[in-house]
file entry-v1.tsv (TSV, C-alpha atoms)
chain	number	residue	atom	x	y	z
A	1	MET	CA	0.00	0.00	0.00
A	2	ALA	CA	1.50	3.27	-1.08
A	3	MET	CA	0.12	5.07	1.97
A	4	TYR	CA	2.67	3.30	4.15
A	5	LYS	CA	5.77	4.29	2.20
A	6	VAL	CA	8.25	6.62	3.89
A	7	THR	CA	9.93	8.94	1.41
A	8	TYR	CA	12.34	11.82	1.49
A	9	SER	CA	11.84	14.07	-1.48
A	10	GLY	CA	15.18	15.83	-0.86
A	11	LEU	CA	17.01	12.81	-2.27
A	12	ASP	CA	14.41	11.69	-4.80
A	13	GLU	CA	16.20	10.52	-7.96
A	14	LYS	CA	13.37	11.98	-10.03
A	15	CYS	CA	14.44	15.51	-9.09
A	16	SER	CA	16.34	17.36	-11.79
A	17	ASP	CA	19.94	18.42	-11.25
A	18	ARG	CA	18.85	22.06	-11.36
A	19	TYR	CA	16.23	21.47	-8.68
A	20	MET	CA	18.68	19.60	-6.47
A	21	ALA	CA	21.31	22.31	-6.84
A	22	ARG	CA	18.80	25.01	-5.94
A	23	GLU	CA	17.36	23.14	-3.01
A	24	ARG	CA	20.43	21.82	-1.27
A	25	SER	CA	23.61	23.51	-0.13
A	26	SER	CA	27.18	22.27	-0.47
A	27	MET	CA	26.84	21.08	3.12
A	28	HIS	CA	23.87	18.93	2.14
A	29	PHE	CA	25.76	17.37	-0.76
A	30	ALA	CA	28.86	16.61	1.32
A	31	ALA	CA	26.77	15.06	4.11
A	32	SER	CA	24.73	12.90	1.74
A	33	ARG	CA	27.87	11.62	-0.01
A	34	GLY	CA	29.86	10.91	3.13
A	35	GLN	CA	32.55	13.45	2.22
A	36	LEU	CA	33.87	14.03	5.72
A	37	MET	CA	36.88	16.14	4.76
A	38	VAL	CA	34.75	18.40	2.56
A	39	LEU	CA	32.28	18.72	5.40
A	40	HIS	CA	35.09	19.60	7.80
A	41	SER	CA	36.33	22.32	5.45
A	42	LEU	CA	32.84	23.78	5.03
A	43	ILE	CA	32.33	23.89	8.78
A	44	ARG	CA	35.71	25.55	9.24
A	45	GLU	CA	34.64	28.15	6.67
A	46	LYS	CA	31.50	28.83	8.76
A	47	ALA	CA	29.04	27.32	6.30
A	48	PRO	CA	25.64	26.97	8.03
A	49	VAL	CA	25.28	23.49	9.50
A	50	ASN	CA	21.53	23.93	9.86
A	51	ALA	CA	20.81	25.09	6.30
A	52	ARG	CA	17.36	23.92	5.27
A	53	THR	CA	15.68	23.01	2.00
A	54	SER	CA	12.16	24.26	1.31
A	55	MET	CA	10.91	21.07	2.97
A	56	GLY	CA	13.01	21.75	6.05
A	57	TYR	CA	15.67	19.07	5.53
A	58	THR	CA	19.10	19.81	6.99
A	59	PRO	CA	22.52	18.31	6.20
A	60	LEU	CA	22.06	16.12	9.29
A	61	HIS	CA	18.91	14.67	7.73
A	62	ASP	CA	20.94	13.89	4.60
A	63	ALA	CA	23.77	12.23	6.52
A	64	CYS	CA	21.36	10.02	8.47
A	65	TRP	CA	19.25	9.14	5.44
A	66	THR	CA	22.32	7.99	3.52
A	67	ASN	CA	23.92	6.16	6.47
A	68	HIS	CA	26.98	8.30	7.13
A	69	PRO	CA	27.40	8.27	10.93
A	70	TYR	CA	30.80	9.99	10.91
A	71	CYS	CA	29.38	12.93	8.99
A	72	ALA	CA	26.35	12.99	11.29
A	73	ASN	CA	28.60	13.06	14.35
A	74	HIS	CA	30.72	15.85	12.87
A	75	LEU	CA	27.65	17.93	12.12
A	76	ILE	CA	26.20	17.49	15.60
A	77	ARG	CA	29.51	18.42	17.23
A	78	ALA	CA	29.51	21.56	15.05
A	79	GLY	CA	26.04	22.58	16.26
A	80	ALA	CA	23.61	20.77	14.01
A	81	GLU	CA	20.13	20.58	15.51
A	82	ILE	CA	19.76	16.93	16.47
A	83	ASN	CA	15.96	17.00	16.61
A	84	ALA	CA	15.39	19.16	13.51
A	85	MET	CA	12.01	18.33	12.02
A	86	SER	CA	11.15	18.71	8.35
A	87	THR	CA	7.83	20.17	7.26
A	88	ASP	CA	6.56	16.65	6.60
A	89	GLY	CA	7.45	15.56	10.13
A	90	ASN	CA	10.75	13.69	9.72
A	91	THR	CA	13.59	13.98	12.23
A	92	PRO	CA	17.12	12.70	11.57
A	93	LEU	CA	16.38	9.79	13.94
A	94	ALA	CA	13.22	8.87	12.03
A	95	LEU	CA	15.12	8.86	8.74
A	96	ALA	CA	18.05	6.85	10.13
A	97	SER	CA	15.59	4.33	11.56
A	98	SER	CA	13.59	4.01	8.36
A	99	VAL	CA	16.66	3.12	6.27
A	100	GLY	CA	18.04	0.73	8.89
A	101	SER	CA	21.14	2.74	9.77
A	102	LYS	CA	21.97	1.19	13.14
A	103	ASP	CA	25.15	3.24	13.53
A	104	CYS	CA	23.30	6.53	13.00
A	105	VAL	CA	20.47	5.46	15.29
A	106	LYS	CA	22.93	4.55	18.06
A	107	LEU	CA	24.80	7.81	17.59
A	108	LEU	CA	21.68	9.96	17.71
A	109	LEU	CA	20.29	8.19	20.77
A	110	ASP	CA	23.64	8.42	22.58
A	111	LEU	CA	23.78	12.16	21.88
A	112	GLY	CA	20.27	12.80	23.18
A	113	ALA	CA	17.93	12.65	20.20
A	114	ASN	CA	14.25	12.46	21.12
A	115	VAL	CA	12.96	8.94	20.56
A	116	ASN	CA	9.37	10.19	20.79
A	117	VAL	CA	7.72	13.27	19.29
A	118	GLU	CA	5.51	15.73	21.16
A	119	ASP	CA	3.39	16.57	18.11
A	120	ASP	CA	1.11	13.60	17.45
A	121	SER	CA	0.41	14.89	13.94
A	122	CYS	CA	3.94	13.70	13.05
A	123	SER	CA	5.18	10.15	12.78
A	124	SER	CA	7.52	9.13	15.57
A	125	PRO	CA	10.78	7.30	14.87
A	126	VAL	CA	9.04	4.14	16.11
A	127	HIS	CA	6.34	4.61	13.46
A	128	ALA	CA	8.96	5.19	10.76
A	129	VAL	CA	10.97	2.10	11.64
A	130	ALA	CA	7.84	-0.06	11.93
A	131	VAL	CA	6.65	1.01	8.48
A	132	ALA	CA	10.05	0.20	6.98
A	133	GLY	CA	10.35	-3.14	8.79
A	134	ARG	CA	13.77	-2.44	10.32
A	135	THR	CA	13.68	-4.82	13.27
A	136	GLU	CA	17.21	-4.16	14.59
A	137	CYS	CA	16.62	-0.41	14.69
A	138	LEU	CA	13.23	-0.97	16.31
A	139	GLU	CA	14.97	-2.88	19.10
A	140	LEU	CA	17.25	0.11	19.71
A	141	LEU	CA	14.33	2.54	19.84
A	142	LEU	CA	12.30	0.37	22.21
A	143	ALA	CA	15.34	-0.03	24.49
A	144	ALA	CA	15.47	3.79	24.60
A	145	ASP	CA	11.81	3.90	25.74
A	146	GLY	CA	10.25	4.49	22.35
A	147	SER	CA	6.50	4.66	22.83
A	148	LEU	CA	4.40	1.65	21.87
A	149	ASP	CA	1.17	3.59	22.24
A	150	SER	CA	1.93	6.84	20.42
A	151	THR	CA	-0.77	7.56	17.89
A	152	ASN	CA	-0.59	9.30	14.57
A	153	PRO	CA	-3.71	10.47	12.69
A	154	TYR	CA	-2.50	8.73	9.55
A	155	TYR	CA	-0.78	5.53	10.71
A	156	GLY	CA	-2.46	4.92	14.05
A	157	THR	CA	-0.15	3.14	16.49
A	158	PRO	CA	3.28	1.71	15.61
A	159	LEU	CA	1.61	-1.72	15.46
A	160	HIS	CA	-0.80	-0.41	12.82
A	161	ALA	CA	2.22	0.91	10.92
A	162	ALA	CA	4.07	-2.42	11.12
A	163	CYS	CA	1.00	-4.28	9.86
A	164	GLY	CA	0.64	-1.85	6.95
A	165	GLY	CA	4.34	-2.26	6.07
A	166	PRO	CA	3.79	-5.18	6.24
A	167	SER	CA	6.39	-6.56	8.65
A	168	VAL	CA	5.65	-9.67	10.69
A	169	GLU	CA	9.00	-9.34	12.47
A	170	CYS	CA	8.39	-5.77	13.64
A	171	ALA	CA	4.80	-6.54	14.61
A	172	SER	CA	5.97	-9.54	16.64
A	173	LEU	CA	8.59	-7.43	18.42
A	174	LEU	CA	6.04	-4.71	19.22
A	175	ILE	CA	3.57	-7.26	20.59
A	176	SER	CA	6.21	-8.98	22.72
A	177	SER	CA	7.13	-5.55	24.09
A	178	GLY	CA	3.52	-4.86	25.08
A	179	ALA	CA	1.79	-3.25	22.10
A	180	ASP	CA	-2.00	-3.39	22.28
A	181	VAL	CA	-3.27	-5.72	19.53
A	182	ARG	CA	-6.78	-4.30	19.99
A	183	SER	CA	-5.82	-0.63	19.57
A	184	VAL	CA	-8.19	1.38	17.37
A	185	ARG	CA	-7.08	3.99	14.83
A	186	ARG	CA	-9.10	7.15	15.29
A	187	ARG	CA	-9.60	8.12	11.66
A	188	ASP	CA	-11.31	4.90	10.57
A	189	LEU	CA	-11.68	2.83	13.79
A	190	GLN	CA	-9.57	0.06	12.30
A	191	THR	CA	-7.50	-2.30	14.43
A	192	PRO	CA	-4.11	-3.71	13.40
A	193	LEU	CA	-6.00	-6.84	12.31
A	194	HIS	CA	-8.04	-4.79	9.83
A	195	VAL	CA	-4.80	-3.44	8.36
A	196	ALA	CA	-3.20	-6.90	8.19
A	197	ALA	CA	-6.26	-8.28	6.42
A	198	GLU	CA	-6.30	-5.44	3.90
A	199	VAL	CA	-2.64	-5.94	2.95
A	200	ASN	CA	-3.35	-9.67	2.67
A	201	SER	CA	-0.74	-10.86	5.18
A	202	GLU	CA	-1.59	-14.35	6.41
A	203	GLY	CA	1.39	-14.29	8.78
A	204	LEU	CA	0.28	-11.07	10.45
A	205	VAL	CA	-3.31	-12.28	10.79
A	206	GLN	CA	-2.06	-15.47	12.44
A	207	LEU	CA	0.20	-13.52	14.78
A	208	LEU	CA	-2.44	-10.99	15.81
A	209	VAL	CA	-5.28	-13.45	16.36
A	210	CYS	CA	-3.12	-15.84	18.36
A	211	ASN	CA	-2.19	-12.88	20.58
A	212	GLY	CA	-5.70	-11.71	21.34
A	213	ALA	CA	-6.85	-9.57	18.39
A	214	ASP	CA	-10.62	-9.18	18.07
A	215	ILE	CA	-11.72	-10.87	14.85
A	216	HIS	CA	-15.20	-9.35	15.21
A	217	ALA	CA	-14.09	-5.71	15.59
A	218	ARG	CA	-15.82	-3.32	13.17
A	219	ASP	CA	-14.34	-0.22	11.59
A	220	LYS	CA	-16.07	3.10	10.91
A	221	GLN	CA	-17.92	1.57	7.96
A	222	GLY	CA	-19.01	-1.46	9.93
A	223	ARG	CA	-16.53	-3.83	8.30
A	224	LYS	CA	-14.83	-6.71	10.08
A	225	PRO	CA	-11.25	-7.70	9.20
A	226	VAL	CA	-12.53	-10.58	7.07
A	227	ASP	CA	-14.44	-8.06	4.94
A	228	LEU	CA	-11.17	-6.33	3.98
A	229	ALA	CA	-9.20	-9.42	2.97
A	230	PRO	CA	-9.29	-10.38	-0.73
A	231	GLY	CA	-12.12	-12.89	-1.13
A	232	ASP	CA	-10.01	-15.50	-2.94
A	233	SER	CA	-7.02	-15.32	-0.57
A	234	THR	CA	-5.72	-17.70	2.09
A	235	THR	CA	-5.86	-14.72	4.47
A	236	HIS	CA	-9.64	-14.53	3.96
A	237	ASP	CA	-9.95	-18.29	4.48
A	238	LEU	CA	-7.88	-18.11	7.67
A	239	LEU	CA	-10.05	-15.34	9.11
A	240	LYS	CA	-13.19	-17.31	8.27
A	241	THR	CA	-11.70	-20.31	10.08
A	242	PHE	CA	-10.97	-18.21	13.15
A	243	MET	CA	-14.51	-16.79	13.09
A	244	THR	CA	-16.19	-20.18	12.92
A	245	ASN	CA	-14.08	-21.92	15.55
A	246	PRO	CA	-13.71	-21.18	19.28
A	247	GLU	CA	-10.53	-19.50	20.46
A	248	SER	CA	-7.86	-22.06	21.34
A	249	LEU	CA	-7.11	-22.86	24.95
A	250	THR	CA	-3.53	-21.82	24.23
A	251	SER	CA	-4.56	-18.28	23.29
A	252	LEU	CA	-7.05	-17.99	26.15
A	253	CYS	CA	-4.46	-19.04	28.74
A	254	ARG	CA	-1.70	-16.86	27.33
A	255	ASN	CA	-3.82	-13.74	27.12
A	256	GLN	CA	-5.16	-14.24	30.65
A	257	ILE	CA	-1.64	-14.62	32.04
A	258	ARG	CA	-0.46	-11.60	30.12
A	259	ALA	CA	-3.41	-9.52	31.35
A	260	SER	CA	-2.58	-10.47	34.94
A	261	LEU	CA	1.09	-9.53	34.53
A	262	GLY	CA	0.33	-6.27	32.74
A	263	ARG	CA	0.56	-5.58	29.01
A	264	THR	CA	3.81	-3.63	29.19
A	265	VAL	CA	5.70	-5.98	31.50
A	266	ARG	CA	9.37	-6.13	30.50
A	267	GLU	CA	11.15	-9.28	29.34
A	268	SER	CA	13.65	-8.84	32.18
A	269	HIS	CA	10.79	-9.25	34.66
A	270	ILE	CA	9.53	-12.39	32.96
A	271	LYS	CA	13.02	-13.90	33.09
A	272	GLN	CA	13.02	-13.51	36.88
A	273	LEU	CA	10.05	-15.86	37.20
A	274	GLU	CA	11.01	-19.36	38.31
A	275	ILE	CA	9.45	-21.07	35.31
A	276	PRO	CA	10.97	-22.99	32.37
A	277	ARG	CA	12.31	-20.99	29.43
A	278	PRO	CA	9.61	-22.28	27.01
A	279	LEU	CA	6.95	-20.87	29.33
A	280	GLN	CA	8.78	-17.53	29.51
A	281	GLU	CA	8.79	-17.39	25.71
A	282	TYR	CA	5.12	-18.39	25.67
A	283	ILE	CA	4.17	-15.49	27.95
A	284	MET	CA	6.30	-13.02	25.98
A	285	TYR	CA	4.82	-14.15	22.63
A	286	THR	CA	8.29	-15.07	21.36
A	287	GLU	CA	7.84	-18.81	20.82
A	288	LYS	CA	7.22	-20.12	17.33
A	289	VAL	CA	3.46	-20.38	16.84
A	290	PRO	CA	2.32	-23.13	14.44
A	291	LEU	CA	-0.22	-22.20	11.79
A	292	ASP	CA	-2.97	-24.05	13.61
A	293	GLY	CA	-2.34	-21.91	16.72
A	294	SER	CA	-1.35	-24.91	18.89
A	295	LEU	CA	1.83	-25.48	20.85

call {"tool": "encode", "arguments": {"input": "entry-v1.tsv", "output": "structure tokens"}}
result
Amino acid sequence: MAMYKVTYSGLDEKCSDRYMARERSSMHFAASRGQLMVLHSLIREKAPVNARTSMGYTPLHDACWTNHPYCANHLIRAGAEINAMSTDGNTPLALASSVGSKDCVKLLLDLGANVNVEDDSCSSPVHAVAVAGRTECLELLLAADGSLDSTNPYYGTPLHAACGGPSVECASLLISSGADVRSVRRRDLQTPLHVAAEVNSEGLVQLLVCNGADIHARDKQGRKPVDLAPGDSTTHDLLKTFMTNPESLTSLCRNQIRASLGRTVRESHIKQLEIPRPLQEYIMYTEKVPLDGSL
């Protein structure tokens, strides 16, 4: 679905050379190409480190988008605004996360970049990384207290974003970290399961339902997830099977235990319980779930 694509028009290959030259400074070009010595010379000559394009992208955005951590570090040390936000709501951390630049993500977090955004009209870095399916970067953001419940008018929660990606791996990580599988997106009242059904992801549907998603939830137009899945797909058949069969004892037990422990309980707390490792994985939703939902 095109609506879930994260783009950065400042580096769009479709832009003409004239447009690019007008929009971006020498600092932008050096940062995007990883030209550290050129960048150093420009900074020494007092070139503005926070120069912006018409969309509000800075050289630091460029360095993070193109995975050049040394340039990013040099810019920040020279005064680059670490939390600079473009007019379309992207921060350097969001861009670094969306392209899977672990080194840039680590650098930005270590130097104090905001992992969450105050303006809920913008996508948080957690949203950006969930959309792009960058599991390793998502782990870094969650370890830095990235919000599981932040909402965006467009995406919904990060779990909605991961399902729209679609990324089973990111969705699984979000759920195991405590994301609410029954969260409702304000603009259309859709749950993550609605989104997974619409993008025709059998794996996501299996994951969500086995972890407590409501197969009977209705969106703003009264549609259930099964109504959004292509009629001739295995995803549609799977949802029909779930709707016509009682929830498995496995799912009922797991969700009751999880509810008792608290949705956002940390893995470190689970590991302190004197129970076998397979049961710890079962509670944290990290065991391999067979397609029939049994253990």

call {"tool": "residues_around", "arguments": {"input": "entry-v1.tsv", "residues": "A:Val129", "least_positions_apart": "3", "cutoff": "8 Å", "atoms": "all atoms listed in the file", "output": "list in words"}}
result
Ala94, Ser97, Ser98, Val99, Gly100, Pro125, Val126, Ala132, Gly133, Arg134, Thr135, Cys137 and Leu138 of chain A

call {"tool": "residues_near_point", "arguments": {"input": "entry-v1.tsv", "point": "(-4.8, -12.4, 10.8)", "cutoff": "12 Å", "atoms": "only C-alpha atoms", "output": "number ranges by chain"}}
result
A: 163, 168, 171, 181, 191-216, 224-226, 228-229, 233-243, 291, 293

call {"tool": "atom_distance", "arguments": {"input": "entry-v1.tsv", "atom1": "atom CA of A:Leu42", "atom2": "atom CA of A:Pro59"}}
result
11.7 Å

call {"tool": "closest_residue", "arguments": {"input": "entry-v1.tsv", "among": "A:Thr66, A:Gln190, A:Ser183, A:Ser26", "to": "A:Pro92", "atoms": "all atoms listed in the file"}}
result
A:Thr66

call {"tool": "closest_residue", "arguments": {"input": "entry-v1.tsv", "among": "A:Glu169, A:Glu139, A:Glu81, A:Glu23", "to": "A:Met55", "atoms": "only C-alpha atoms"}}
result
A:Glu23

call {"tool": "residues_around", "arguments": {"input": "entry-v1.tsv", "residues": "A:Asp103", "least_positions_apart": "4", "cutoff": "12 Å", "atoms": "all atoms listed in the file", "output": "list in words"}}
result
Ala63, Cys64, Trp65, Thr66, Asn67, His68, Pro69, Tyr70, Cys71, Ala72, Asn73, Leu93, Ala96, Ser97, Val99, Leu107, Leu108, Leu109, Asp110, Glu136, Cys137 and Leu140 of chain A

call {"tool": "atom_distance", "arguments": {"input": "entry-v1.tsv", "atom1": "atom CA of A:Ala128", "atom2": "atom CA of A:Ser25"}}
result
25.9 Å

call {"tool": "closest_residue", "arguments": {"input": "entry-v1.tsv", "among": "A:Leu141, A:Met85, A:Leu39, A:Leu173", "to": "A:Met27", "atoms": "all atoms listed in the file"}}
result
A:Leu39

call {"tool": "closest_residue", "arguments": {"input": "entry-v1.tsv", "among": "A:Leu36, A:Val115, A:Val49, A:Cys122", "to": "A:Asn152", "atoms": "only C-alpha atoms"}}
result
A:Cys122

call {"tool": "atom_distance", "arguments": {"input": "entry-v1.tsv", "atom1": "atom CA of A:Ala113", "atom2": "atom CA of A:Ser150"}}
result
17.0 Å

call {"tool": "decode", "arguments": {"input": "entry-v1.tsv", "residues": "stretch 176-199 of chain A", "atoms": "N, CA, C and O atoms", "output": "PDB file, in the first residue's frame"}}
result
ATOM      1  N   SER A 176       5.461  -8.410  21.589  1.00  0.00           N
ATOM      2  CA  SER A 176       6.206  -8.982  22.716  1.00  0.00           C
ATOM      3  C   SER A 176       6.666  -7.913  23.695  1.00  0.00           C
ATOM      4  O   SER A 176       6.918  -8.192  24.858  1.00  0.00           O
ATOM      5  N   SER A 177       6.736  -6.659  23.218  1.00  0.00           N
ATOM      6  CA  SER A 177       7.128  -5.547  24.089  1.00  0.00           C
ATOM      7  C   SER A 177       5.923  -4.916  24.777  1.00  0.00           C
ATOM      8  O   SER A 177       6.077  -4.025  25.619  1.00  0.00           O
ATOM      9  N   GLY A 178       4.715  -5.347  24.395  1.00  0.00           N
ATOM     10  CA  GLY A 178       3.516  -4.858  25.080  1.00  0.00           C
ATOM     11  C   GLY A 178       2.556  -4.056  24.248  1.00  0.00           C
ATOM     12  O   GLY A 178       1.617  -3.463  24.796  1.00  0.00           O
ATOM     13  N   ALA A 179       2.719  -4.008  22.938  1.00  0.00           N
ATOM     14  CA  ALA A 179       1.793  -3.247  22.099  1.00  0.00           C
ATOM     15  C   ALA A 179       0.388  -3.840  22.188  1.00  0.00           C
ATOM     16  O   ALA A 179       0.220  -5.056  22.269  1.00  0.00           O
ATOM     17  N   ASP A 180      -0.604  -2.980  22.150  1.00  0.00           N
ATOM     18  CA  ASP A 180      -1.998  -3.390  22.281  1.00  0.00           C
ATOM     19  C   ASP A 180      -2.529  -3.864  20.927  1.00  0.00           C
ATOM     20  O   ASP A 180      -2.708  -3.066  20.008  1.00  0.00           O
ATOM     21  N   VAL A 181      -2.798  -5.168  20.809  1.00  0.00           N
ATOM     22  CA  VAL A 181      -3.266  -5.719  19.533  1.00  0.00           C
ATOM     23  C   VAL A 181      -4.693  -5.283  19.216  1.00  0.00           C
ATOM     24  O   VAL A 181      -5.159  -5.448  18.081  1.00  0.00           O
ATOM     25  N   ARG A 182      -5.392  -4.729  20.203  1.00  0.00           N
ATOM     26  CA  ARG A 182      -6.782  -4.298  19.988  1.00  0.00           C
ATOM     27  C   ARG A 182      -6.898  -2.773  19.870  1.00  0.00           C
ATOM     28  O   ARG A 182      -8.003  -2.234  19.931  1.00  0.00           O
ATOM     29  N   SER A 183      -5.780  -2.091  19.697  1.00  0.00           N
ATOM     30  CA  SER A 183      -5.817  -0.629  19.569  1.00  0.00           C
ATOM     31  C   SER A 183      -6.633  -0.231  18.343  1.00  0.00           C
ATOM     32  O   SER A 183      -6.664  -0.941  17.342  1.00  0.00           O
ATOM     33  N   VAL A 184      -7.299   0.910  18.444  1.00  0.00           N
ATOM     34  CA  VAL A 184      -8.189   1.379  17.375  1.00  0.00           C
ATOM     35  C   VAL A 184      -7.657   2.692  16.812  1.00  0.00           C
ATOM     36  O   VAL A 184      -7.343   3.620  17.567  1.00  0.00           O
ATOM     37  N   ARG A 185      -7.546   2.767  15.507  1.00  0.00           N
ATOM     38  CA  ARG A 185      -7.080   3.988  14.834  1.00  0.00           C
ATOM     39  C   ARG A 185      -8.244   4.970  14.726  1.00  0.00           C
ATOM     40  O   ARG A 185      -9.312   4.628  14.230  1.00  0.00           O
ATOM     41  N   ARG A 186      -8.007   6.187  15.171  1.00  0.00           N
ATOM     42  CA  ARG A 186      -9.101   7.146  15.291  1.00  0.00           C
ATOM     43  C   ARG A 186      -9.778   7.474  13.966  1.00  0.00           C
ATOM     44  O   ARG A 186     -10.994   7.598  13.897  1.00  0.00           O
ATOM     45  N   ARG A 187      -9.017   7.599  12.904  1.00  0.00           N
ATOM     46  CA  ARG A 187      -9.599   8.123  11.663  1.00  0.00           C
ATOM     47  C   ARG A 187     -10.583   7.163  11.006  1.00  0.00           C
ATOM     48  O   ARG A 187     -11.505   7.585  10.307  1.00  0.00           O
ATOM     49  N   ASP A 188     -10.407   5.849  11.217  1.00  0.00           N
ATOM     50  CA  ASP A 188     -11.306   4.896  10.572  1.00  0.00           C
ATOM     51  C   ASP A 188     -11.749   3.767  11.495  1.00  0.00           C
ATOM     52  O   ASP A 188     -12.457   2.851  11.067  1.00  0.00           O
ATOM     53  N   LEU A 189     -11.320   3.830  12.766  1.00  0.00           N
ATOM     54  CA  LEU A 189     -11.683   2.833  13.785  1.00  0.00           C
ATOM     55  C   LEU A 189     -11.175   1.432  13.436  1.00  0.00           C
ATOM     56  O   LEU A 189     -11.719   0.430  13.902  1.00  0.00           O
ATOM     57  N   GLN A 190     -10.124   1.362  12.637  1.00  0.00           N
ATOM     58  CA  GLN A 190      -9.567   0.063  12.296  1.00  0.00           C
ATOM     59  C   GLN A 190      -8.542  -0.391  13.324  1.00  0.00           C
ATOM     60  O   GLN A 190      -7.794   0.415  13.879  1.00  0.00           O
ATOM     61  N   THR A 191      -8.500  -1.682  13.561  1.00  0.00           N
ATOM     62  CA  THR A 191      -7.505  -2.298  14.429  1.00  0.00           C
ATOM     63  C   THR A 191      -6.333  -2.760  13.564  1.00  0.00           C
ATOM     64  O   THR A 191      -6.435  -2.805  12.329  1.00  0.00           O
ATOM     65  N   PRO A 192      -5.214  -3.144  14.197  1.00  0.00           N
ATOM     66  CA  PRO A 192      -4.113  -3.709  13.397  1.00  0.00           C
ATOM     67  C   PRO A 192      -4.549  -4.911  12.562  1.00  0.00           C
ATOM     68  O   PRO A 192      -4.031  -5.125  11.461  1.00  0.00           O
ATOM     69  N   LEU A 193      -5.525  -5.677  13.072  1.00  0.00           N
ATOM     70  CA  LEU A 193      -5.997  -6.836  12.314  1.00  0.00           C
ATOM     71  C   LEU A 193      -6.698  -6.417  11.027  1.00  0.00           C
ATOM     72  O   LEU A 193      -6.572  -7.090   9.995  1.00  0.00           O
ATOM     73  N   HIS A 194      -7.442  -5.316  11.059  1.00  0.00           N
ATOM     74  CA  HIS A 194      -8.041  -4.790   9.833  1.00  0.00           C
ATOM     75  C   HIS A 194      -6.954  -4.485   8.786  1.00  0.00           C
ATOM     76  O   HIS A 194      -7.081  -4.820   7.601  1.00  0.00           O
ATOM     77  N   VAL A 195      -5.889  -3.834   9.267  1.00  0.00           N
ATOM     78  CA  VAL A 195      -4.804  -3.443   8.361  1.00  0.00           C
ATOM     79  C   VAL A 195      -4.120  -4.677   7.785  1.00  0.00           C
ATOM     80  O   VAL A 195      -3.847  -4.751   6.582  1.00  0.00           O
ATOM     81  N   ALA A 196      -3.850  -5.669   8.649  1.00  0.00           N
ATOM     82  CA  ALA A 196      -3.196  -6.897   8.189  1.00  0.00           C
ATOM     83  C   ALA A 196      -4.047  -7.627   7.159  1.00  0.00           C
ATOM     84  O   ALA A 196      -3.531  -8.175   6.183  1.00  0.00           O
ATOM     85  N   ALA A 197      -5.360  -7.620   7.375  1.00  0.00           N
ATOM     86  CA  ALA A 197      -6.263  -8.275   6.421  1.00  0.00           C
ATOM     87  C   ALA A 197      -6.254  -7.546   5.087  1.00  0.00           C
ATOM     88  O   ALA A 197      -6.229  -8.171   4.020  1.00  0.00           O
ATOM     89  N   GLU A 198      -6.246  -6.217   5.133  1.00  0.00           N
ATOM     90  CA  GLU A 198      -6.297  -5.440   3.899  1.00  0.00           C
ATOM     91  C   GLU A 198      -5.040  -5.594   3.058  1.00  0.00           C
ATOM     92  O   GLU A 198      -5.103  -5.575   1.826  1.00  0.00           O
ATOM     93  N   VAL A 199      -3.879  -5.743   3.718  1.00  0.00           N
ATOM     94  CA  VAL A 199      -2.638  -5.938   2.952  1.00  0.00           C
ATOM     95  C   VAL A 199      -2.404  -7.411   2.630  1.00  0.00           C
ATOM     96  O   VAL A 199      -1.374  -7.780   2.067  1.00  0.00           O
TER      97      VAL A 199
END
